[in-house]
file protein21.cif (mmCIF, C-alpha atoms and all ligand atoms)
data_model
#
loop_
_atom_site.label_atom_id
_atom_site.label_comp_id
_atom_site.auth_asym_id
_atom_site.auth_seq_id
_atom_site.Cartn_x
_atom_site.Cartn_y
_atom_site.Cartn_z
CA MET A 21 71.72 51.06 107.34
CA SER A 22 74.84 52.75 106.07
CA LEU A 23 72.86 54.95 103.68
CA LYS A 24 70.24 56.15 106.15
CA ASN A 25 70.03 59.96 106.29
CA LYS A 26 72.98 60.40 103.93
CA LYS A 27 72.69 63.45 101.70
CA ILE A 28 73.40 63.00 98.02
CA LEU A 29 73.34 65.66 95.35
CA ILE A 30 72.59 64.21 91.91
CA VAL A 31 73.44 66.21 88.80
CA ILE A 32 71.43 64.96 85.83
CA GLY A 33 73.26 65.51 82.57
CA GLY A 34 72.01 65.61 79.02
CA GLY A 35 72.07 62.11 77.54
CA ILE A 36 69.67 59.38 76.59
CA SER A 37 70.55 57.56 79.84
CA ALA A 38 69.25 60.48 81.91
CA TYR A 39 66.05 58.55 82.55
CA LYS A 40 68.11 56.01 84.53
CA ALA A 41 68.78 58.76 87.09
CA LEU A 42 65.14 58.34 88.10
CA ASP A 43 65.72 54.65 88.85
CA LEU A 44 68.78 55.47 90.93
CA ILE A 45 66.82 58.11 92.86
CA ARG A 46 64.09 55.54 93.53
CA LEU A 47 66.63 53.00 94.84
CA LEU A 48 68.31 55.56 97.09
CA LYS A 49 65.04 56.95 98.42
CA LYS A 50 63.96 53.41 99.37
CA ASN A 51 67.03 53.37 101.61
CA ASN A 52 66.19 56.69 103.26
CA VAL A 53 68.75 58.82 101.44
CA ASN A 54 68.05 62.56 101.22
CA ILE A 55 68.41 63.67 97.65
CA LYS A 56 68.69 67.05 96.01
CA THR A 57 69.09 67.37 92.27
CA ILE A 58 70.39 69.74 89.67
CA LEU A 59 68.87 69.25 86.26
CA THR A 60 71.12 70.65 83.52
CA LYS A 61 69.60 72.45 80.53
CA SER A 62 70.23 69.46 78.28
CA GLY A 63 69.18 67.00 81.00
CA LYS A 64 65.78 68.72 80.87
CA GLU A 65 65.42 67.54 77.29
CA PHE A 66 65.28 63.96 78.59
CA VAL A 67 63.56 64.15 81.99
CA THR A 68 61.23 66.75 83.47
CA PRO A 69 61.74 68.68 86.72
CA LEU A 70 58.30 67.45 87.79
CA SER A 71 59.24 63.75 87.58
CA VAL A 72 62.49 64.41 89.46
CA THR A 73 60.79 66.44 92.20
CA THR A 74 58.05 63.84 92.56
CA LEU A 75 60.65 61.18 93.33
CA THR A 76 63.08 63.21 95.45
CA LYS A 77 60.34 65.14 97.28
CA ASN A 78 62.68 68.08 97.02
CA LYS A 79 62.94 71.06 94.75
CA THR A 80 64.85 70.42 91.50
CA PHE A 81 67.50 73.09 91.01
CA GLU A 82 68.03 74.39 87.49
CA ASP A 83 69.27 77.93 87.23
CA ILE A 84 72.34 79.57 88.63
CA PHE A 85 70.39 82.74 89.35
CA ASP A 86 67.29 81.49 91.10
CA LYS A 87 65.11 84.35 92.29
CA ASN A 88 63.40 82.12 94.86
CA SER A 89 66.56 81.18 96.76
CA GLU A 90 68.95 84.04 96.14
CA ALA A 91 69.89 84.26 99.81
CA GLU A 92 71.14 80.67 99.85
CA ILE A 93 73.82 81.10 97.17
CA ASP A 94 72.94 77.71 95.68
CA HIS A 95 76.31 76.93 94.14
CA ILE A 96 77.95 76.95 97.55
CA SER A 97 75.14 75.70 99.77
CA LEU A 98 74.28 72.71 97.58
CA SER A 99 77.77 71.26 97.70
CA ARG A 100 78.21 72.00 101.41
CA TRP A 101 74.88 70.30 102.11
CA ALA A 102 75.83 67.06 100.33
CA ASP A 103 77.82 64.11 101.70
CA LEU A 104 78.48 62.98 98.13
CA ILE A 105 77.83 64.28 94.62
CA VAL A 106 76.96 62.04 91.65
CA VAL A 107 76.83 63.19 88.02
CA LEU A 108 74.85 60.99 85.66
CA PRO A 109 74.99 60.66 82.82
CA THR A 110 78.37 62.39 82.48
CA THR A 111 78.65 63.35 78.82
CA ALA A 112 81.84 63.93 76.84
CA ASN A 113 81.01 67.62 76.71
CA PHE A 114 80.50 67.77 80.47
CA MET A 115 83.88 66.06 81.01
CA THR A 116 85.52 68.73 78.84
CA LYS A 117 83.94 71.50 80.88
CA LEU A 118 85.09 69.93 84.17
CA SER A 119 88.61 69.34 82.89
CA ILE A 120 89.06 73.05 82.13
CA GLY A 121 87.32 74.22 85.28
CA LYS A 122 84.43 75.89 83.48
CA ALA A 123 81.70 77.38 85.66
CA GLU A 124 79.02 78.37 83.18
CA ASP A 125 75.86 77.09 84.80
CA LEU A 126 74.65 75.84 88.18
CA ALA A 127 75.96 72.26 87.73
CA THR A 128 79.51 73.17 86.66
CA THR A 129 79.71 75.97 89.24
CA VAL A 130 78.62 73.68 92.08
CA LEU A 131 81.22 71.08 91.07
CA LEU A 132 84.00 73.64 90.87
CA ALA A 133 83.05 75.00 94.29
CA SER A 134 82.67 71.55 95.83
CA ASP A 135 84.59 70.22 98.81
CA LYS A 136 83.06 66.72 98.52
CA ASP A 137 83.85 63.54 96.64
CA ILE A 138 82.32 63.59 93.18
CA LEU A 139 81.34 60.43 91.29
CA LEU A 140 81.18 60.74 87.51
CA VAL A 141 79.16 58.15 85.59
CA PRO A 142 80.05 58.51 81.91
CA ALA A 143 77.70 57.54 79.10
CA MET A 144 78.53 58.11 75.45
CA ASN A 145 79.16 56.46 72.13
CA VAL A 146 82.21 54.16 72.06
CA ARG A 147 84.10 56.40 69.58
CA MET A 148 83.45 59.44 71.72
CA TRP A 149 84.71 57.62 74.83
CA LEU A 150 87.82 56.26 73.12
CA HIS A 151 88.66 59.57 71.40
CA LYS A 152 92.02 60.88 72.57
CA ALA A 153 90.42 64.14 73.69
CA THR A 154 88.00 62.30 76.01
CA GLN A 155 90.71 59.94 77.25
CA ASN A 156 92.88 62.96 77.99
CA ASN A 157 90.06 64.55 79.95
CA PHE A 158 89.51 61.23 81.74
CA ARG A 159 93.12 61.29 82.98
CA ILE A 160 92.96 64.96 83.96
CA LEU A 161 89.74 64.45 85.90
CA GLN A 162 91.11 61.39 87.70
CA ASP A 163 94.10 63.47 88.68
CA TYR A 164 91.77 66.18 90.02
CA GLY A 165 90.26 63.50 92.26
CA TYR A 166 86.96 62.81 90.46
CA ILE A 167 85.93 59.17 90.91
CA PHE A 168 84.67 57.32 87.84
CA ILE A 169 82.06 54.57 87.80
CA GLY A 170 82.23 52.77 84.44
CA PRO A 171 81.66 53.13 81.58
CA GLU A 172 80.76 49.54 80.77
CA LYS A 173 81.02 47.60 77.56
CA GLY A 174 77.72 46.90 75.84
CA GLU A 175 75.20 47.80 73.22
CA MET A 176 74.39 51.48 73.10
CA ALA A 177 71.29 53.48 72.35
CA CYS A 178 72.75 54.30 68.91
CA GLY A 179 73.02 50.56 68.10
CA GLU A 180 76.84 50.41 68.23
CA TYR A 181 78.70 48.12 70.61
CA GLY A 182 81.66 48.90 72.89
CA GLU A 183 82.89 50.79 75.92
CA GLY A 184 80.82 53.85 76.78
CA LYS A 185 77.61 52.39 78.13
CA MET A 186 76.52 53.88 81.44
CA SER A 187 76.71 51.63 84.52
CA SER A 188 73.28 50.46 85.60
CA PRO A 189 71.45 52.18 88.48
CA ARG A 190 72.04 48.95 90.50
CA GLN A 191 75.81 49.12 89.90
CA ILE A 192 75.89 52.81 90.83
CA TYR A 193 73.80 52.11 93.91
CA SER A 194 76.20 49.31 95.02
CA TYR A 195 79.19 51.60 94.53
CA ILE A 196 77.53 54.32 96.64
CA LYS A 197 76.64 51.80 99.35
CA ASP A 198 80.23 50.46 99.46
CA TYR A 199 81.54 54.01 99.56
CA PHE A 200 79.50 54.87 102.66
CA ASP A 201 80.10 51.45 104.28
CA LYS A 202 83.83 52.10 104.06
CA LYS A 203 83.50 55.70 105.30
CA ASN A 204 81.40 54.62 108.28
CA LEU A 205 83.84 51.87 109.20
CA VAL A 206 86.85 54.19 109.03
CA ILE A 207 85.11 56.68 111.31
CA LYS A 208 84.11 53.92 113.74
CA LYS A 209 87.56 52.30 113.85
CA LYS A 210 89.46 55.62 114.15
CA PHE A 211 92.37 54.28 112.08
CA LYS A 212 95.74 56.01 112.41
CA ALA A 213 98.57 56.13 109.88
CA LEU A 214 102.13 57.36 109.64
CA VAL A 215 103.93 58.07 106.39
CA THR A 216 107.67 58.72 106.04
CA THR A 217 108.82 60.77 103.09
CA GLY A 218 111.62 62.78 101.52
CA PRO A 219 115.35 62.30 101.77
CA THR A 220 117.36 62.37 104.96
CA ARG A 221 120.53 64.41 105.42
CA GLU A 222 123.58 63.01 107.15
CA TYR A 223 125.95 65.80 108.10
CA LEU A 224 129.75 65.61 107.85
CA ASP A 225 130.17 69.04 109.38
CA PRO A 226 127.80 71.98 110.08
CA VAL A 227 127.30 72.75 106.37
CA ARG A 228 128.00 69.57 104.39
CA TYR A 229 125.90 66.48 104.16
CA ILE A 230 125.16 63.39 102.11
CA SER A 231 121.64 63.03 100.83
CA ASN A 232 119.72 62.11 97.67
CA GLU A 233 117.35 63.55 95.08
CA SER A 234 114.06 62.51 96.65
CA SER A 235 111.50 65.35 96.54
CA GLY A 236 109.09 63.74 99.02
CA LYS A 237 106.17 64.22 96.59
CA GLN A 238 104.94 60.63 96.50
CA GLY A 239 104.81 60.26 100.28
CA TYR A 240 103.17 63.64 100.67
CA GLU A 241 100.44 62.59 98.22
CA VAL A 242 100.00 59.21 99.97
CA ALA A 243 99.53 61.02 103.30
CA LEU A 244 96.94 63.36 101.73
CA ALA A 245 95.12 60.40 100.14
CA LEU A 246 94.95 58.50 103.46
CA ARG A 247 93.77 61.66 105.17
CA LYS A 248 91.07 62.06 102.52
CA LEU A 249 89.81 58.57 103.33
CA GLY A 250 89.21 59.78 106.89
CA ILE A 251 92.33 58.24 108.43
CA GLU A 252 94.23 60.33 110.99
CA THR A 253 97.61 60.65 109.29
CA LYS A 254 100.98 61.98 110.36
CA LEU A 255 103.62 62.74 107.75
CA ILE A 256 107.24 62.50 108.90
CA SER A 257 109.23 64.33 106.29
CA GLY A 258 112.89 64.84 105.54
CA PRO A 259 113.95 68.22 104.06
CA SER A 260 111.68 69.05 101.11
CA ASN A 261 110.24 72.08 99.32
CA LEU A 262 106.67 70.90 99.39
CA ILE A 263 104.11 73.36 100.69
CA PRO A 264 102.42 71.93 103.79
CA PHE A 265 98.73 71.22 103.43
CA LYS A 266 96.72 72.82 106.23
CA ASP A 267 94.82 69.67 107.21
CA LEU A 268 97.84 67.40 107.35
CA LYS A 269 99.93 66.85 110.48
CA ILE A 270 103.58 67.15 109.42
CA LYS A 271 106.69 66.58 111.48
CA ASN A 272 109.88 67.75 109.84
CA ILE A 273 113.10 65.92 110.60
CA VAL A 274 116.57 65.97 109.09
CA SER A 275 118.50 62.75 109.69
CA ALA A 276 117.57 59.07 109.62
CA LYS A 277 118.10 58.90 113.36
CA GLU A 278 115.58 61.71 113.89
CA MET A 279 113.14 60.00 111.50
CA MET A 280 113.42 56.78 113.49
CA CYS A 281 112.84 58.68 116.78
CA GLU A 282 109.73 60.35 115.38
CA VAL A 283 108.40 57.07 114.02
CA LYS A 284 108.81 55.43 117.43
CA LYS A 285 107.04 58.39 119.06
CA SER A 286 104.12 58.02 116.65
CA LEU A 287 103.37 54.39 117.50
CA PRO A 288 100.96 52.71 117.79
CA VAL A 289 99.40 53.19 114.36
CA ASP A 290 97.31 50.90 112.15
CA ILE A 291 99.14 51.78 108.94
CA ALA A 292 102.76 52.70 108.23
CA VAL A 293 103.87 53.70 104.75
CA CYS A 294 107.62 54.14 104.31
CA THR A 295 108.16 56.15 101.15
CA ALA A 296 111.24 57.99 102.49
CA ALA A 297 114.54 57.62 100.69
CA VAL A 298 116.48 57.19 103.90
CA SER A 299 120.24 57.49 103.66
CA ASP A 300 121.64 54.01 104.09
CA PHE A 301 124.85 55.33 105.67
CA LYS A 302 125.92 58.21 107.86
CA PRO A 303 129.37 59.51 108.77
CA ILE A 304 130.46 58.07 112.11
CA TYR A 305 131.68 61.47 113.27
CA LYS A 306 130.21 64.86 112.55
CA SER A 307 132.85 67.58 112.80
CA LYS A 308 131.86 70.41 115.13
CA ASN A 309 133.48 72.98 112.83
CA LYS A 310 133.53 73.28 109.07
CA ILE A 311 136.17 70.89 107.76
CA LYS A 312 139.02 72.81 106.11
CA LYS A 313 140.17 72.12 102.55
CA THR A 314 143.53 71.16 103.91
CA ASP A 315 142.12 68.74 106.44
CA ASN A 316 143.28 65.19 105.73
CA ARG A 317 140.17 63.71 107.32
CA MET A 318 138.38 64.14 103.99
CA ASN A 319 140.52 61.38 102.53
CA SER A 320 139.05 58.78 104.78
CA ILE A 321 135.61 59.53 106.15
CA LYS A 322 134.21 56.52 107.93
CA PHE A 323 130.56 55.63 107.56
CA GLU A 324 128.21 53.46 109.55
CA LYS A 325 124.82 52.00 108.66
CA ASN A 326 121.65 53.91 109.48
CA PRO A 327 118.79 52.08 111.17
CA ASP A 328 116.30 50.58 108.73
CA ILE A 329 112.99 52.14 109.75
CA LEU A 330 110.85 49.94 107.54
CA GLU A 331 112.46 46.79 108.87
CA PHE A 332 112.11 48.03 112.44
CA LEU A 333 108.35 48.57 111.93
CA CYS A 334 107.83 45.22 110.21
CA LYS A 335 109.74 43.20 112.74
CA SER A 336 108.73 44.94 115.94
CA ASN A 337 106.87 42.62 118.30
CA LYS A 338 105.06 45.15 120.39
CA ASP A 339 103.57 47.86 118.21
CA ARG A 340 103.71 46.37 114.74
CA PRO A 341 101.24 48.31 112.58
CA LYS A 342 98.54 46.12 111.00
CA ILE A 343 99.72 47.11 107.52
CA VAL A 344 103.29 48.12 106.73
CA VAL A 345 104.05 49.30 103.22
CA GLY A 346 107.55 49.62 101.80
CA PHE A 347 108.69 51.33 98.63
CA CYS A 348 111.54 50.28 96.44
CA ALA A 349 113.26 52.04 93.60
CA GLU A 350 114.87 49.67 91.11
CA THR A 351 116.60 50.07 87.78
CA GLU A 352 116.34 46.43 86.63
CA LYS A 353 114.32 43.25 87.32
CA VAL A 354 111.91 45.52 89.19
CA ILE A 355 109.22 42.99 90.21
CA GLN A 356 111.73 40.24 91.00
CA ASN A 357 113.84 42.50 93.22
CA ALA A 358 110.77 43.96 94.88
CA LYS A 359 109.50 40.50 95.80
CA VAL A 360 112.83 39.71 97.46
CA LYS A 361 112.65 42.96 99.44
CA LEU A 362 109.06 42.26 100.51
CA ARG A 363 110.13 38.88 101.89
CA GLU A 364 113.34 40.10 103.52
CA LYS A 365 111.75 43.07 105.26
CA TYR A 366 108.47 41.33 106.18
CA CYS A 367 106.26 44.08 104.85
CA ASP A 368 102.65 43.52 103.82
CA LEU A 369 102.84 45.44 100.58
CA ILE A 370 105.70 46.78 98.54
CA VAL A 371 105.39 49.52 95.94
CA ALA A 372 108.02 49.12 93.26
CA ASN A 373 109.02 51.79 90.80
CA ASN A 374 111.48 51.74 87.97
CA VAL A 375 113.77 54.73 88.40
CA SER A 376 115.76 54.12 85.23
CA ASN A 377 113.32 56.42 83.38
CA LYS A 378 114.27 60.04 84.12
CA ASN A 379 110.69 61.32 83.68
CA LEU A 380 109.38 59.08 86.44
CA GLY A 381 110.06 58.60 90.13
CA PHE A 382 112.56 60.91 91.85
CA ASN A 383 111.70 64.59 91.55
CA SER A 384 109.01 64.06 88.93
CA ASP A 385 105.27 64.74 89.21
CA PHE A 386 104.68 61.38 87.56
CA ASN A 387 105.21 57.81 88.59
CA LYS A 388 104.48 54.30 87.36
CA VAL A 389 104.36 51.61 90.01
CA SER A 390 103.59 47.99 90.73
CA ILE A 391 102.10 47.04 94.08
CA ILE A 392 102.96 43.57 95.30
CA ASP A 393 101.43 41.72 98.23
CA GLN A 394 102.66 38.74 100.23
CA THR A 395 100.88 36.24 97.99
CA GLY A 396 102.91 37.57 95.06
CA LYS A 397 99.90 39.28 93.46
CA VAL A 398 101.00 42.29 91.38
CA ILE A 399 98.80 45.30 90.68
CA SER A 400 100.39 47.55 88.07
CA ILE A 401 99.41 51.20 87.87
CA PRO A 402 100.34 52.78 84.52
CA LYS A 403 102.09 56.16 84.32
CA ASN A 404 100.05 58.86 86.00
CA LYS A 405 100.32 61.83 88.36
CA LYS A 406 101.68 60.96 91.81
CA SER A 407 98.40 62.17 93.34
CA TYR A 408 96.45 59.62 91.30
CA ILE A 409 98.88 56.84 92.18
CA ALA A 410 98.66 57.84 95.85
CA ASN A 411 94.86 57.53 95.82
CA LYS A 412 95.11 54.05 94.33
CA ILE A 413 97.70 53.01 96.94
CA ALA A 414 95.64 54.47 99.80
CA ASN A 415 92.52 52.61 98.66
CA ILE A 416 94.41 49.32 98.33
CA ILE A 417 95.82 49.79 101.84
CA LEU A 418 92.39 50.54 103.29
CA ASP A 419 90.78 47.56 101.55
CA LYS A 420 93.50 45.28 102.90
CA LEU A 421 93.13 46.71 106.38
CA LEU A 422 89.37 46.22 106.32
CA ILE A 423 89.70 42.63 105.05
CA ASN A 424 92.24 41.84 107.79
CA ASP A 425 90.02 43.50 110.35
CA LYS A 426 87.01 41.41 109.31
CA SER A 427 88.99 38.17 109.51
CA ILE A 428 90.21 39.03 113.02
CA ASN A 429 86.76 40.02 114.38
O1 LIG B 501 116.47 48.46 101.21
P1 LIG B 501 115.96 49.69 100.56
O2 LIG B 501 116.57 50.96 101.05
O3 LIG B 501 115.96 49.61 99.05
O4 LIG B 501 114.40 49.70 100.96
C1 LIG B 501 113.56 50.75 100.62
C2 LIG B 501 112.44 50.82 101.61
O5 LIG B 501 112.96 50.78 102.93
C3 LIG B 501 111.65 52.10 101.52
O6 LIG B 501 110.33 51.83 101.91
C4 LIG B 501 112.34 53.00 102.53
O7 LIG B 501 111.49 54.01 103.01
C5 LIG B 501 112.69 52.01 103.61
N1 LIG B 501 113.91 52.33 104.36
C6 LIG B 501 113.81 52.71 105.71
N2 LIG B 501 114.94 52.98 106.42
C7 LIG B 501 116.16 52.86 105.86
C8 LIG B 501 116.28 52.47 104.52
C9 LIG B 501 115.14 52.22 103.80
O8 LIG B 501 112.69 52.84 106.20
N3 LIG B 501 117.23 53.12 106.58
#
call {"tool": "encode", "arguments": {"input": "protein21.cif", "output": "structure tokens"}}
result
Amino acid sequence: MSLKNKKILIVIGGGISAYKALDLIRLLKKNNVNIKTILTKSGKEFVTPLSVTTLTKNKTFEDIFDKNSEAEIDHISLSRWADLIVVLPTTANFMTKLSIGKAEDLATTVLLASDKDILLVPAMNVRMWLHKATQNNFRILQDYGYIFIGPEKGEMACGEYGEGKMSSPRQIYSYIKDYFDKKNLVIKKKFKALVTTGPTREYLDPVRYISNESSGKQGYEVALALRKLGIETKLISGPSNLIPFKDLKIKNIVSAKEMMCEVKKSLPVDIAVCTAAVSDFKPIYKSKNKIKKTDNRMNSIKFEKNPDILEFLCKSNKDRPKIVVGFCAETEKVIQNAKVKLREKYCDLIVANNVSNKNLGFNSDFNKVSIIDQTGKVISIPKNKKSYIANKIANIILDKLLINDKSIN
């Protein structure tokens, strides 16, 4: 049911596995999916436009300048028409073109102009796949948000064995079905999320404050990733230089107290992700006027504890979100300390990062995290862009939410 009337654009690349695109089209058509296709120049060496059109019952697009549909501006209309785009087989050469944003033919132009999720299904010789250049492109493309299916390990057309074999049409079909199942459920359930991010500032006087180095990047990316999954998301952010994204609801706050107020106002939500580096302490008194150099008060400023927002969310009886995620920055015994925090604060997931490495964590575009759940299971995500890590975290949260939801209903 979930696939009925969905619109999928399939780009058929130039590789020996191109013929498998026909099997995938057959499977999708059986489930009432509308399919349009772009056959690349090298794809045409392996399958014919006639066989593709016969199966899709739609025109097969080939050229960027098509005299028969000039008015449509194919490279825009095709991607706007689709609910999802799939490229198979995705060759090493095609990955290179995508990673540098090349727009040299209809396929690459459509992908560059796309506003939809794009699944890439690589197929190539094991050496080509494992080559540093391809692996580099793989990372870049993941960071750009392309979703990869496979490649699998197995025997290849060239007779060699290893990673690089294209996933089977059945595997691709199952992935696409799961993808739409999840999308449909999120729309039906109207899930809501709040994400806290950035530092907080605790003022001593009108111009001086205590704060920390948090840039707010990781939380901002998590909010975008949740939003991309179709979840209505509000980002509550301490002072940061990040440029607001037009589709994301952002509430700017300054102090921990204001953050707590805004969090309370945002309840109820299904998901709460606390990435903010909230100041643990605040001065008991804030001077109305700028404190003078000669003022003795600076010798003994008294601090009090700020409210713990994460703990408040986890332990609240009334509006406890279904999934509460905490973050923790550690410099030693990262997993061990994170597990203690998870237990003490009662959160469902904790994302631990090691901040002893200066190129990761605070103020960096990169991160390396471990996600721990209440059973003690650890999922480690190797060093990557914060946007990539955010997508992983968002998907883990959604999967957990959907599993919990199923067990309740
Ligand atoms: O205890 P610690 O500060 O290390 O815990 C970090 C986690 O707690 C983060 O998820 C952070 O956003 C959250 N936190 C909070 N309010 C505080 C302090 C921390 O929400 N006052």
call {"tool": "closest_atom_pairs", "arguments": {"input": "protein21.cif", "of": "chain A", "to": "ligand LIG 501 (chain B)", "cutoff": "10 Å", "atoms": "all atoms listed in the file", "output": "Markdown table"}}
result
| residue | atom | partner | partner_atom | distance |
| --- | --- | --- | --- | --- |
| A:Val215 | CA | B:LIG501 | O7 | 9.2 |
| A:Thr216 | CA | B:LIG501 | O7 | 6.8 |
| A:Thr217 | CA | B:LIG501 | O7 | 7.3 |
| A:Gly218 | CA | B:LIG501 | O7 | 8.9 |
| A:Pro219 | CA | B:LIG501 | O7 | 9.2 |
| A:Thr220 | CA | B:LIG501 | N3 | 9.4 |
| A:Gly239 | CA | B:LIG501 | O7 | 9.5 |
| A:Ala276 | CA | B:LIG501 | N3 | 6.7 |
| A:Lys277 | CA | B:LIG501 | N3 | 9.0 |
| A:Met279 | CA | B:LIG501 | N2 | 8.9 |
| A:Met280 | CA | B:LIG501 | N2 | 8.2 |
| A:Val283 | CA | B:LIG501 | O8 | 9.9 |
| A:Ala292 | CA | B:LIG501 | O6 | 9.9 |
| A:Val293 | CA | B:LIG501 | O6 | 7.3 |
| A:Cys294 | CA | B:LIG501 | O7 | 4.1 |
| A:Thr295 | CA | B:LIG501 | O7 | 4.4 |
| A:Ala296 | CA | B:LIG501 | O7 | 4.0 |
| A:Ala297 | CA | B:LIG501 | O7 | 5.3 |
| A:Val298 | CA | B:LIG501 | C7 | 4.8 |
| A:Ser299 | CA | B:LIG501 | N3 | 6.1 |
| A:Asp300 | CA | B:LIG501 | N3 | 5.1 |
| A:Phe301 | CA | B:LIG501 | N3 | 8.0 |
| A:Lys325 | CA | B:LIG501 | N3 | 7.9 |
| A:Asn326 | CA | B:LIG501 | N3 | 5.3 |
| A:Pro327 | CA | B:LIG501 | N3 | 5.0 |
| A:Asp328 | CA | B:LIG501 | N3 | 3.5 |
| A:Ile329 | CA | B:LIG501 | O8 | 3.6 |
| A:Leu330 | CA | B:LIG501 | O8 | 3.7 |
| A:Glu331 | CA | B:LIG501 | O8 | 6.6 |
| A:Phe332 | CA | B:LIG501 | O8 | 7.9 |
| A:Leu333 | CA | B:LIG501 | O8 | 8.4 |
| A:Cys334 | CA | B:LIG501 | O8 | 9.9 |
| A:Val344 | CA | B:LIG501 | O6 | 9.3 |
| A:Val345 | CA | B:LIG501 | O6 | 6.9 |
| A:Gly346 | CA | B:LIG501 | O6 | 3.6 |
| A:Phe347 | CA | B:LIG501 | O6 | 3.7 |
| A:Cys348 | CA | B:LIG501 | C1 | 4.7 |
| A:Ala349 | CA | B:LIG501 | O3 | 6.5 |
| A:Glu350 | CA | B:LIG501 | O3 | 8.0 |
| A:Asn357 | CA | B:LIG501 | O3 | 9.4 |
| A:Ala358 | CA | B:LIG501 | O3 | 8.7 |
| A:Lys361 | CA | B:LIG501 | O1 | 6.9 |
| A:Leu362 | CA | B:LIG501 | O4 | 9.2 |
| A:Glu364 | CA | B:LIG501 | O1 | 9.2 |
| A:Lys365 | CA | B:LIG501 | O5 | 8.1 |
| A:Cys367 | CA | B:LIG501 | O6 | 9.2 |
| A:Leu369 | CA | B:LIG501 | O6 | 9.9 |
| A:Ile370 | CA | B:LIG501 | O6 | 7.6 |
| A:Val371 | CA | B:LIG501 | O6 | 8.1 |
| A:Ala372 | CA | B:LIG501 | O6 | 9.4 |
call {"tool": "atom_distance", "arguments": {"input": "protein21.cif", "atom1": "atom CA of A:Asp225", "atom2": "atom CA of A:Lys310"}}
result
5.4 Å
call {"tool": "closest_residue", "arguments": {"input": "protein21.cif", "among": "A:Ile138, A:Ile399, A:Met186, A:Ile160", "to": "A:Tyr39", "atoms": "all atoms listed in the file"}}
result
A:Met186
call {"tool": "atom_distance", "arguments": {"input": "protein21.cif", "atom1": "atom CA of A:Ile256", "atom2": "atom CA of A:Ile270"}}
result
5.9 Å
call {"tool": "atom_distance", "arguments": {"input": "protein21.cif", "atom1": "atom CA of A:Leu70", "atom2": "atom CA of A:Met115"}}
result
26.5 Å
call {"tool": "closest_residue", "arguments": {"input": "protein21.cif", "among": "A:Asp198, A:Gly174, A:Ser307, A:Leu139", "to": "A:Glu222", "atoms": "only C-alpha atoms"}}
result
A:Ser307
call {"tool": "closest_residue", "arguments": {"input": "protein21.cif", "among": "A:Asp393, A:Asp290, A:Asp368, A:Glu282", "to": "A:Phe211", "atoms": "only C-alpha atoms"}}
result
A:Asp290
call {"tool": "closest_residue", "arguments": {"input": "protein21.cif", "among": "A:Phe265, A:Phe168, A:Phe66, A:Tyr408", "to": "A:Gly35", "atoms": "only C-alpha atoms"}}
result
A:Phe66
call {"tool": "closest_residue", "arguments": {"input": "protein21.cif", "among": "A:Ser286, A:Ser188, A:Asn156, A:Leu47", "to": "A:Ile120", "atoms": "all atoms listed in the file"}}
result
A:Asn156
call {"tool": "residues_around", "arguments": {"input": "protein21.cif", "residues": "A:Asn415", "least_positions_apart": "6", "cutoff": "9 Å", "atoms": "all atoms listed in the file", "output": "PyMOL selection string"}}
result
chain A and resi 245-246+249
call {"tool": "residues_around", "arguments": {"input": "protein21.cif", "residues": "A:Leu132", "least_positions_apart": "5", "cutoff": "8 Å", "atoms": "all atoms listed in the file", "output": "VMD selection string"}}
result
chain A and resid 118 121 to 123
call {"tool": "build_atoms", "arguments": {"input": "protein21.cif", "residues": "stretch 272-278 of chain A", "atoms": "N, CA, C and O atoms", "output": "short mmCIF file (atom, residue, chain, number, x, y, z; two decimals), keeping the file's coordinate frame"}}
result
data_model
loop_
_atom_site.label_atom_id
_atom_site.label_comp_id
_atom_site.auth_asym_id
_atom_site.auth_seq_id
_atom_site.Cartn_x
_atom_site.Cartn_y
_atom_site.Cartn_z
N ASN A 272 108.66 67.68 110.65
CA ASN A 272 109.88 67.75 109.84
C ASN A 272 111.08 67.26 110.62
O ASN A 272 111.27 67.63 111.78
N ILE A 273 111.88 66.43 109.97
CA ILE A 273 113.10 65.92 110.60
C ILE A 273 114.24 66.08 109.58
O ILE A 273 113.99 66.43 108.42
N VAL A 274 115.44 65.81 110.01
CA VAL A 274 116.57 65.97 109.09
C VAL A 274 117.27 64.63 108.83
O VAL A 274 117.39 64.19 107.69
N SER A 275 117.70 63.97 109.88
CA SER A 275 118.50 62.75 109.69
C SER A 275 117.66 61.48 109.86
O SER A 275 116.53 61.53 110.35
N ALA A 276 118.25 60.36 109.47
CA ALA A 276 117.57 59.07 109.62
C ALA A 276 117.30 58.77 111.09
O ALA A 276 116.25 58.23 111.44
N LYS A 277 118.26 59.16 111.93
CA LYS A 277 118.10 58.90 113.36
C LYS A 277 116.87 59.65 113.90
O LYS A 277 116.06 59.11 114.64
N GLU A 278 116.74 60.92 113.46
CA GLU A 278 115.58 61.71 113.89
C GLU A 278 114.28 61.11 113.35
O GLU A 278 113.25 61.12 114.02
#
